[in-house]
file run04.pdb (PDB, C-alpha atoms)
ATOM      1  CA  MET I 130      20.330 -53.247 -19.125  1.00  0.00           C
ATOM      2  CA  ASP I 131      22.350 -50.027 -19.377  1.00  0.00           C
ATOM      3  CA  THR I 132      20.695 -46.898 -18.084  1.00  0.00           C
ATOM      4  CA  PRO I 133      21.621 -43.769 -19.994  1.00  0.00           C
ATOM      5  CA  THR I 134      23.657 -41.183 -18.105  1.00  0.00           C
ATOM      6  CA  VAL I 135      21.758 -38.001 -17.327  1.00  0.00           C
ATOM      7  CA  LEU I 136      23.580 -34.843 -18.382  1.00  0.00           C
ATOM      8  CA  LEU I 137      24.049 -32.568 -15.374  1.00  0.00           C
ATOM      9  CA  ASP I 138      24.959 -28.898 -15.417  1.00  0.00           C
ATOM     10  CA  ASP I 139      26.676 -26.958 -12.635  1.00  0.00           C
ATOM     11  CA  VAL I 140      23.374 -26.090 -10.907  1.00  0.00           C
ATOM     12  CA  ASP I 141      22.330 -29.758 -10.870  1.00  0.00           C
ATOM     13  CA  ARG I 142      25.705 -30.716  -9.395  1.00  0.00           C
ATOM     14  CA  ARG I 143      25.478 -28.069  -6.678  1.00  0.00           C
ATOM     15  CA  ILE I 144      21.975 -29.230  -5.785  1.00  0.00           C
ATOM     16  CA  LEU I 145      23.022 -32.897  -5.667  1.00  0.00           C
ATOM     17  CA  ASN I 146      26.089 -32.172  -3.559  1.00  0.00           C
ATOM     18  CA  ALA I 147      24.064 -30.073  -1.111  1.00  0.00           C
ATOM     19  CA  LEU I 148      21.290 -32.665  -0.820  1.00  0.00           C
ATOM     20  CA  GLN I 149      23.773 -35.486  -0.257  1.00  0.00           C
ATOM     21  CA  ILE I 150      25.140 -33.588   2.727  1.00  0.00           C
ATOM     22  CA  ASP I 151      21.731 -32.596   4.146  1.00  0.00           C
ATOM     23  CA  SER I 152      18.497 -33.513   2.399  1.00  0.00           C
ATOM     24  CA  SER I 153      16.371 -32.234   5.276  1.00  0.00           C
ATOM     25  CA  GLN I 154      16.796 -28.562   4.389  1.00  0.00           C
ATOM     26  CA  THR I 155      13.863 -26.625   2.992  1.00  0.00           C
ATOM     27  CA  ASN I 156      13.675 -25.657  -0.649  1.00  0.00           C
ATOM     28  CA  ALA I 157      14.341 -22.019   0.326  1.00  0.00           C
ATOM     29  CA  GLU I 158      17.474 -23.021   2.266  1.00  0.00           C
ATOM     30  CA  LEU I 159      18.675 -25.215  -0.588  1.00  0.00           C
ATOM     31  CA  ALA I 160      18.055 -22.479  -3.175  1.00  0.00           C
ATOM     32  CA  LEU I 161      20.034 -19.998  -1.073  1.00  0.00           C
ATOM     33  CA  GLU I 162      22.911 -22.457  -0.673  1.00  0.00           C
ATOM     34  CA  VAL I 163      23.173 -23.271  -4.403  1.00  0.00           C
ATOM     35  CA  HIS I 164      22.545 -19.666  -5.537  1.00  0.00           C
ATOM     36  CA  VAL I 165      19.341 -20.086  -7.535  1.00  0.00           C
ATOM     37  CA  SER I 166      15.764 -18.899  -7.022  1.00  0.00           C
ATOM     38  CA  PRO I 167      13.425 -21.121  -4.991  1.00  0.00           C
ATOM     39  CA  PRO I 168      11.182 -21.887  -8.034  1.00  0.00           C
ATOM     40  CA  THR I 169      14.239 -22.872 -10.102  1.00  0.00           C
ATOM     41  CA  CYS I 170      15.533 -25.037  -7.274  1.00  0.00           C
ATOM     42  CA  LEU I 171      12.189 -26.778  -6.810  1.00  0.00           C
ATOM     43  CA  ARG I 172      11.894 -27.438 -10.557  1.00  0.00           C
ATOM     44  CA  ARG I 173      15.459 -28.815 -10.734  1.00  0.00           C
ATOM     45  CA  VAL I 174      14.974 -31.141  -7.743  1.00  0.00           C
ATOM     46  CA  LYS I 175      11.730 -32.389  -9.283  1.00  0.00           C
ATOM     47  CA  GLN I 176      13.505 -33.053 -12.618  1.00  0.00           C
ATOM     48  CA  LEU I 177      16.386 -34.840 -10.860  1.00  0.00           C
ATOM     49  CA  THR I 178      13.877 -37.012  -9.016  1.00  0.00           C
ATOM     50  CA  GLN I 179      11.745 -37.776 -12.089  1.00  0.00           C
ATOM     51  CA  SER I 180      14.827 -38.697 -14.129  1.00  0.00           C
ATOM     52  CA  GLY I 181      15.935 -41.118 -11.428  1.00  0.00           C
ATOM     53  CA  VAL I 182      19.135 -39.264 -10.528  1.00  0.00           C
ATOM     54  CA  ILE I 183      17.690 -38.810  -7.036  1.00  0.00           C
ATOM     55  CA  GLU I 184      16.460 -42.296  -6.197  1.00  0.00           C
ATOM     56  CA  ARG I 185      15.063 -41.395  -2.772  1.00  0.00           C
ATOM     57  CA  GLN I 186      15.727 -39.298   0.292  1.00  0.00           C
ATOM     58  CA  VAL I 187      16.263 -41.158   3.549  1.00  0.00           C
ATOM     59  CA  ALA I 188      17.418 -40.749   7.139  1.00  0.00           C
ATOM     60  CA  ILE I 189      20.638 -42.588   7.954  1.00  0.00           C
ATOM     61  CA  VAL I 190      20.235 -44.346  11.292  1.00  0.00           C
ATOM     62  CA  ALA I 191      23.160 -45.080  13.625  1.00  0.00           C
ATOM     63  CA  PRO I 192      23.059 -48.902  13.915  1.00  0.00           C
ATOM     64  CA  GLU I 193      24.437 -49.009  17.452  1.00  0.00           C
ATOM     65  CA  LYS I 194      21.678 -46.658  18.661  1.00  0.00           C
ATOM     66  CA  VAL I 195      18.939 -49.072  17.547  1.00  0.00           C
ATOM     67  CA  GLY I 196      20.539 -52.361  18.554  1.00  0.00           C
ATOM     68  CA  ALA I 197      21.912 -53.404  15.148  1.00  0.00           C
ATOM     69  CA  ARG I 198      25.452 -53.825  16.428  1.00  0.00           C
ATOM     70  CA  LEU I 199      26.784 -56.563  14.158  1.00  0.00           C
ATOM     71  CA  THR I 200      27.805 -55.853  10.559  1.00  0.00           C
ATOM     72  CA  ALA I 201      28.600 -58.806   8.312  1.00  0.00           C
ATOM     73  CA  ILE I 202      30.042 -58.778   4.806  1.00  0.00           C
ATOM     74  CA  VAL I 203      29.001 -62.055   3.215  1.00  0.00           C
ATOM     75  CA  GLU I 204      30.280 -63.724   0.037  1.00  0.00           C
ATOM     76  CA  ILE I 205      27.840 -66.157  -1.586  1.00  0.00           C
ATOM     77  CA  THR I 206      28.601 -68.677  -4.319  1.00  0.00           C
ATOM     78  CA  LEU I 207      25.726 -70.515  -5.987  1.00  0.00           C
ATOM     79  CA  ASP I 208      25.814 -73.983  -7.502  1.00  0.00           C
ATOM     80  CA  VAL I 209      23.886 -72.894 -10.595  1.00  0.00           C
ATOM     81  CA  GLN I 210      24.470 -69.400 -12.009  1.00  0.00           C
ATOM     82  CA  ALA I 211      21.669 -69.365 -14.579  1.00  0.00           C
ATOM     83  CA  ALA I 212      19.941 -65.970 -14.793  1.00  0.00           C
ATOM     84  CA  GLU I 213      16.728 -67.204 -13.201  1.00  0.00           C
ATOM     85  CA  ARG I 214      18.632 -68.795 -10.291  1.00  0.00           C
ATOM     86  CA  MET I 215      20.609 -65.584  -9.715  1.00  0.00           C
ATOM     87  CA  ALA I 216      17.365 -63.577  -9.737  1.00  0.00           C
ATOM     88  CA  GLU I 217      15.805 -66.086  -7.351  1.00  0.00           C
ATOM     89  CA  PHE I 218      18.590 -65.539  -4.815  1.00  0.00           C
ATOM     90  CA  GLU I 219      18.374 -61.757  -5.241  1.00  0.00           C
ATOM     91  CA  GLU I 220      14.653 -61.903  -4.451  1.00  0.00           C
ATOM     92  CA  LEU I 221      15.362 -63.881  -1.273  1.00  0.00           C
ATOM     93  CA  ALA I 222      18.052 -61.402  -0.217  1.00  0.00           C
ATOM     94  CA  ALA I 223      15.821 -58.405  -0.998  1.00  0.00           C
ATOM     95  CA  ALA I 224      13.074 -59.841   1.226  1.00  0.00           C
ATOM     96  CA  GLU I 225      15.392 -59.873   4.269  1.00  0.00           C
ATOM     97  CA  ASP I 226      15.334 -56.580   6.178  1.00  0.00           C
ATOM     98  CA  ALA I 227      18.795 -57.282   7.621  1.00  0.00           C
ATOM     99  CA  VAL I 228      20.325 -57.368   4.133  1.00  0.00           C
ATOM    100  CA  LEU I 229      21.180 -53.716   3.466  1.00  0.00           C
ATOM    101  CA  GLN I 230      22.976 -54.241   0.160  1.00  0.00           C
ATOM    102  CA  CYS I 231      23.231 -57.073  -2.355  1.00  0.00           C
ATOM    103  CA  TYR I 232      25.732 -57.013  -5.207  1.00  0.00           C
ATOM    104  CA  ARG I 233      26.333 -59.425  -8.078  1.00  0.00           C
ATOM    105  CA  VAL I 234      30.102 -59.565  -8.404  1.00  0.00           C
ATOM    106  CA  ALA I 235      32.756 -61.062 -10.661  1.00  0.00           C
ATOM    107  CA  PRO I 236      35.189 -62.692 -10.508  1.00  0.00           C
ATOM    108  CA  GLY I 237      35.012 -64.736  -7.331  1.00  0.00           C
ATOM    109  CA  PRO I 238      31.763 -65.275  -5.499  1.00  0.00           C
ATOM    110  CA  ASP I 239      28.434 -64.618  -7.186  1.00  0.00           C
ATOM    111  CA  PHE I 240      27.162 -62.146  -4.575  1.00  0.00           C
ATOM    112  CA  VAL I 241      28.406 -59.922  -1.805  1.00  0.00           C
ATOM    113  CA  LEU I 242      25.902 -58.891   0.854  1.00  0.00           C
ATOM    114  CA  ILE I 243      26.135 -56.227   3.536  1.00  0.00           C
ATOM    115  CA  VAL I 244      24.126 -57.398   6.531  1.00  0.00           C
ATOM    116  CA  GLN I 245      23.256 -55.529   9.738  1.00  0.00           C
ATOM    117  CA  VAL I 246      21.858 -57.509  12.688  1.00  0.00           C
ATOM    118  CA  GLY I 247      21.635 -57.157  16.446  1.00  0.00           C
ATOM    119  CA  ASP I 248      23.867 -60.019  17.471  1.00  0.00           C
ATOM    120  CA  MET I 249      25.299 -63.411  16.536  1.00  0.00           C
ATOM    121  CA  PRO I 250      22.060 -65.360  17.199  1.00  0.00           C
ATOM    122  CA  ALA I 251      20.261 -63.000  14.801  1.00  0.00           C
ATOM    123  CA  TYR I 252      22.988 -63.606  12.211  1.00  0.00           C
ATOM    124  CA  HIS I 253      22.695 -67.387  12.651  1.00  0.00           C
ATOM    125  CA  ALA I 254      18.918 -67.206  12.137  1.00  0.00           C
ATOM    126  CA  LEU I 255      19.419 -65.155   8.972  1.00  0.00           C
ATOM    127  CA  ALA I 256      22.159 -67.498   7.739  1.00  0.00           C
ATOM    128  CA  HIS I 257      19.877 -70.483   8.208  1.00  0.00           C
ATOM    129  CA  ARG I 258      16.973 -68.870   6.300  1.00  0.00           C
ATOM    130  CA  LEU I 259      18.975 -67.276   3.512  1.00  0.00           C
ATOM    131  CA  PHE I 260      21.908 -69.670   3.040  1.00  0.00           C
ATOM    132  CA  ALA I 261      21.585 -73.078   4.706  1.00  0.00           C
ATOM    133  CA  ALA I 262      17.942 -73.638   3.724  1.00  0.00           C
ATOM    134  CA  GLN I 263      18.658 -72.844   0.052  1.00  0.00           C
ATOM    135  CA  THR I 264      19.746 -75.811  -2.052  1.00  0.00           C
ATOM    136  CA  ASN I 265      21.431 -73.590  -4.648  1.00  0.00           C
ATOM    137  CA  VAL I 266      23.818 -71.931  -2.160  1.00  0.00           C
ATOM    138  CA  ARG I 267      27.150 -73.744  -2.449  1.00  0.00           C
ATOM    139  CA  ASN I 268      29.497 -71.614  -0.357  1.00  0.00           C
ATOM    140  CA  VAL I 269      29.175 -68.835   2.227  1.00  0.00           C
ATOM    141  CA  LYS I 270      32.091 -66.826   3.576  1.00  0.00           C
ATOM    142  CA  THR I 271      31.330 -64.194   6.200  1.00  0.00           C
ATOM    143  CA  TYR I 272      33.492 -61.382   7.511  1.00  0.00           C
ATOM    144  CA  PHE I 273      32.378 -59.639  10.708  1.00  0.00           C
ATOM    145  CA  SER I 274      33.234 -55.975  11.095  1.00  0.00           C
ATOM    146  CA  THR I 275      35.206 -55.194  14.236  1.00  0.00           C
ATOM    147  CA  PHE I 276      35.341 -51.446  13.571  1.00  0.00           C
ATOM    148  CA  ARG I 277      33.849 -49.124  10.957  1.00  0.00           C
ATOM    149  CA  SER I 278      36.411 -46.466  10.086  1.00  0.00           C
ATOM    150  CA  LYS I 279      34.401 -44.928   7.251  1.00  0.00           C
ATOM    151  CA  PHE I 280      30.813 -44.952   6.121  1.00  0.00           C
ATOM    152  CA  ALA I 281      29.680 -42.587   3.389  1.00  0.00           C
ATOM    153  CA  THR I 282      26.712 -42.321   1.099  1.00  0.00           C
ATOM    154  CA  ARG I 283      27.827 -39.282  -0.902  1.00  0.00           C
ATOM    155  CA  ILE I 284      28.791 -39.763  -4.555  1.00  0.00           C
ATOM    156  CA  ALA I 285      31.051 -37.076  -6.022  1.00  0.00           C
ATOM    157  CA  VAL I 286      29.160 -35.344  -8.840  1.00  0.00           C
TER     158      VAL I 286
END
call {"tool": "encode", "arguments": {"input": "run04.pdb", "output": "structure tokens"}}
result
Amino acid sequence: MDTPTVLLDDVDRRILNALQIDSSQTNAELALEVHVSPPTCLRRVKQLTQSGVIERQVAIVAPEKVGARLTAIVEITLDVQAAERMAEFEELAAAEDAVLQCYRVAPGPDFVLIVQVGDMPAYHALAHRLFAAQTNVRNVKTYFSTFRSKFATRIAV
């Protein structure tokens, strides 16, 4: 299902870039930064949110500060790739709090997951629930991050 691209003007782009750097600023601060009036800024942010361009605003937590020290990048191959079986696995992955991202990919494995857990025992417990206990999971290949040299959430607009 293709989602239509939303046409953005220069004001929209300035707002999006500013919010991606710091979404905690007030509307007045944002309006000043992007050089529009506060009512215009508020209306534009509301439109960007209603159109789905802004999906949500979140706080990014430092994993090591909250005990989530182990990052795993996991490739999953299923035995049966029928649409309903793919959706079934996605639902299982979405239900796991430790799974931060789940991508259908091609070619190669069927899915790539980004997982954040506290330690290896927590990863093993997750692997048992999400991979080993599932009859449709054929192959699992996990890479453990030894160092994160870049992490960004900003999309150039």
call {"tool": "closest_residue", "arguments": {"input": "run04.pdb", "among": "I:Leu145, I:Val165, I:Val174, I:Ile189", "to": "I:Thr282", "atoms": "all atoms listed in the file"}}
result
I:Ile189
call {"tool": "residues_around", "arguments": {"input": "run04.pdb", "residues": "I:Asp151", "least_positions_apart": "2", "cutoff": "12 Å", "atoms": "all atoms listed in the file", "output": "PyMOL selection string"}}
result
chain I and resi 144-149+153-156+158-159+162+186-189+282-283
call {"tool": "resolve_selection", "arguments": {"input": "run04.pdb", "expression": "the PyMOL selection byres ((chain I and resi 222-237) around 10)", "output": "VMD selection string"}}
result
chain I and resid 197 200 to 206 215 to 221 238 to 247 251 to 252 255 258 to 260
call {"tool": "atom_distance", "arguments": {"input": "run04.pdb", "atom1": "atom CA of I:Val195", "atom2": "atom CA of I:Met249"}}
result
15.7 Å
call {"tool": "closest_residue", "arguments": {"input": "run04.pdb", "among": "I:Val190, I:Ala285, I:Cys170, I:Ala211", "to": "I:Asn265", "atoms": "all atoms listed in the file"}}
result
I:Ala211
call {"tool": "atom_distance", "arguments": {"input": "run04.pdb", "atom1": "atom CA of I:Asp248", "atom2": "atom CA of I:Arg198"}}
result
6.5 Å
call {"tool": "closest_residue", "arguments": {"input": "run04.pdb", "among": "I:Arg267, I:Arg142, I:His164, I:Lys194", "to": "I:Val182", "atoms": "only C-alpha atoms"}}
result
I:Arg142
call {"tool": "atom_distance", "arguments": {"input": "run04.pdb", "atom1": "atom CA of I:Ala160", "atom2": "atom CA of I:Ala281"}}
result
24.1 Å
call {"tool": "decode", "arguments": {"input": "run04.pdb", "residues": "stretch 212-229 of chain I", "atoms": "N, CA and C atoms", "output": "PDB file, in the first residue's frame"}}
result
ATOM      1  N   ALA I 212       1.669 -14.211   2.852  1.00  0.00           N
ATOM      2  CA  ALA I 212       1.382 -12.915   3.477  1.00  0.00           C
ATOM      3  C   ALA I 212       0.889 -13.051   4.909  1.00  0.00           C
ATOM      4  N   GLU I 213       0.003 -14.009   5.138  1.00  0.00           N
ATOM      5  CA  GLU I 213      -0.537 -14.152   6.505  1.00  0.00           C
ATOM      6  C   GLU I 213       0.524 -14.644   7.483  1.00  0.00           C
ATOM      7  N   ARG I 214       1.465 -15.452   7.014  1.00  0.00           N
ATOM      8  CA  ARG I 214       2.549 -15.934   7.891  1.00  0.00           C
ATOM      9  C   ARG I 214       3.552 -14.824   8.182  1.00  0.00           C
ATOM     10  N   MET I 215       3.801 -13.958   7.200  1.00  0.00           N
ATOM     11  CA  MET I 215       4.678 -12.805   7.415  1.00  0.00           C
ATOM     12  C   MET I 215       4.037 -11.866   8.438  1.00  0.00           C
ATOM     13  N   ALA I 216       2.749 -11.598   8.267  1.00  0.00           N
ATOM     14  CA  ALA I 216       2.025 -10.723   9.196  1.00  0.00           C
ATOM     15  C   ALA I 216       2.001 -11.322  10.595  1.00  0.00           C
ATOM     16  N   GLU I 217       1.869 -12.623  10.672  1.00  0.00           N
ATOM     17  CA  GLU I 217       1.865 -13.313  11.969  1.00  0.00           C
ATOM     18  C   GLU I 217       3.189 -13.076  12.708  1.00  0.00           C
ATOM     19  N   PHE I 218       4.307 -13.202  11.998  1.00  0.00           N
ATOM     20  CA  PHE I 218       5.597 -12.963  12.632  1.00  0.00           C
ATOM     21  C   PHE I 218       5.741 -11.491  13.030  1.00  0.00           C
ATOM     22  N   GLU I 219       5.293 -10.585  12.174  1.00  0.00           N
ATOM     23  CA  GLU I 219       5.366  -9.160  12.503  1.00  0.00           C
ATOM     24  C   GLU I 219       4.579  -8.841  13.773  1.00  0.00           C
ATOM     25  N   GLU I 220       3.437  -9.472  13.946  1.00  0.00           N
ATOM     26  CA  GLU I 220       2.643  -9.256  15.160  1.00  0.00           C
ATOM     27  C   GLU I 220       3.399  -9.736  16.391  1.00  0.00           C
ATOM     28  N   LEU I 221       4.047 -10.897  16.280  1.00  0.00           N
ATOM     29  CA  LEU I 221       4.845 -11.411  17.400  1.00  0.00           C
ATOM     30  C   LEU I 221       5.982 -10.452  17.733  1.00  0.00           C
ATOM     31  N   ALA I 222       6.680  -9.972  16.707  1.00  0.00           N
ATOM     32  CA  ALA I 222       7.797  -9.055  16.924  1.00  0.00           C
ATOM     33  C   ALA I 222       7.305  -7.743  17.533  1.00  0.00           C
ATOM     34  N   ALA I 223       6.183  -7.235  17.048  1.00  0.00           N
ATOM     35  CA  ALA I 223       5.641  -5.969  17.552  1.00  0.00           C
ATOM     36  C   ALA I 223       5.238  -6.069  19.021  1.00  0.00           C
ATOM     37  N   ALA I 224       4.867  -7.253  19.466  1.00  0.00           N
ATOM     38  CA  ALA I 224       4.443  -7.451  20.858  1.00  0.00           C
ATOM     39  C   ALA I 224       5.614  -7.494  21.835  1.00  0.00           C
ATOM     40  N   GLU I 225       6.825  -7.624  21.326  1.00  0.00           N
ATOM     41  CA  GLU I 225       8.024  -7.694  22.181  1.00  0.00           C
ATOM     42  C   GLU I 225       8.592  -6.295  22.390  1.00  0.00           C
ATOM     43  N   ASP I 226       8.617  -5.832  23.630  1.00  0.00           N
ATOM     44  CA  ASP I 226       9.153  -4.502  23.922  1.00  0.00           C
ATOM     45  C   ASP I 226      10.613  -4.356  23.522  1.00  0.00           C
ATOM     46  N   ALA I 227      11.383  -5.423  23.584  1.00  0.00           N
ATOM     47  CA  ALA I 227      12.811  -5.360  23.263  1.00  0.00           C
ATOM     48  C   ALA I 227      13.069  -5.190  21.771  1.00  0.00           C
ATOM     49  N   VAL I 228      12.079  -5.486  20.943  1.00  0.00           N
ATOM     50  CA  VAL I 228      12.233  -5.304  19.497  1.00  0.00           C
ATOM     51  C   VAL I 228      11.908  -3.840  19.193  1.00  0.00           C
ATOM     52  N   LEU I 229      12.951  -3.068  18.860  1.00  0.00           N
ATOM     53  CA  LEU I 229      12.772  -1.644  18.588  1.00  0.00           C
ATOM     54  C   LEU I 229      12.334  -1.388  17.157  1.00  0.00           C
TER      55      LEU I 229
END
